[in-house]
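A short worksheet on the structure shown next.
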Amino acid sequence: MSTRTQPIVTASQLGTLLQSARKSRKLTQAQMGERLGLSQKRVSELELAPGTLSVDQLLGFCAQLGLQLSLQPRDDSATPTRGTPATPW
């Protein structure tokens with residue numbers, strides 16, 4: 001089994017990843033909601049605005065989609081911090 005990592009630095013990236021993973025498993029939002037004890041509407045909301053996900057909901061999504069959450073130090077050279085120029089002046 002190959003391991004592929006997907007860096008996520010914004011909430012919208014998380015929503016896109018969760019939606020893509022759900023679709024790759026051929027699950028509808030309604031089916032995903034049933035597995036998580038949520039409505040289809042709430043699954044849609046979480047995919048579109050993942051900033052409202054609780055940690056428990058995120059871990060539930062991951063478990064149902066065969067994903068695991070892994071944290072590591074950010075490569076700051078690839079992503080400039082807000083208010084900081086990408087290259088030195």
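Residues in the structure tokens are named by chain (A, B, ... in the order shown) and by number from 1 within that chain; ligands are numbered from 1 in the order shown.
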
So which residues touch A:Gln29 within 6 Å, counting only C-alpha atoms, skipping near sequence neighbours fewer than 4 positions away, as a PyMOL selection string? chain A and resi 33+40+43

Written file, previous selection with C-alpha atoms, as a PDB file, in the first residue's frame:
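Output contents, as saved in again30.pdb:
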ATOM      1  CA  GLY A  33     -24.027  11.512   7.052  1.00  0.00           C
ATOM      2  CA  GLN A  40     -26.829  15.225   4.444  1.00  0.00           C
ATOM      3  CA  VAL A  43     -22.111  16.964   5.620  1.00  0.00           C
TER       4      VAL A  43
END

Applying 7 Å and only C-alpha atoms, which residues near A:Ser12 remain after dropping the ones on its own chain fewer than 2 positions away? List them as a count of residues only. 6

Can you list, as a ChimeraX atom specification, every protein, DNA or RNA residue that comes within 10 Å of A:Leu65 when you count only C-alpha atoms, leaving out same-chain residues fewer than 6 positions away? /A:18-19,21-25,27,32,59

So, counting only C-alpha atoms, which residue among A:Gly37, A:Leu69, A:Arg42, A:Val9 is closest to A:Val55?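 The shortest atom-to-atom distance to A:Val55 comes from A:Leu69.
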
Please identify which residues in chain A DSSP calls helix (DSSP H, G or I) from the backbone, and express them as a PyMOL selection string. chain A and resi 11-24+29-36+40-48+50-52+55-64
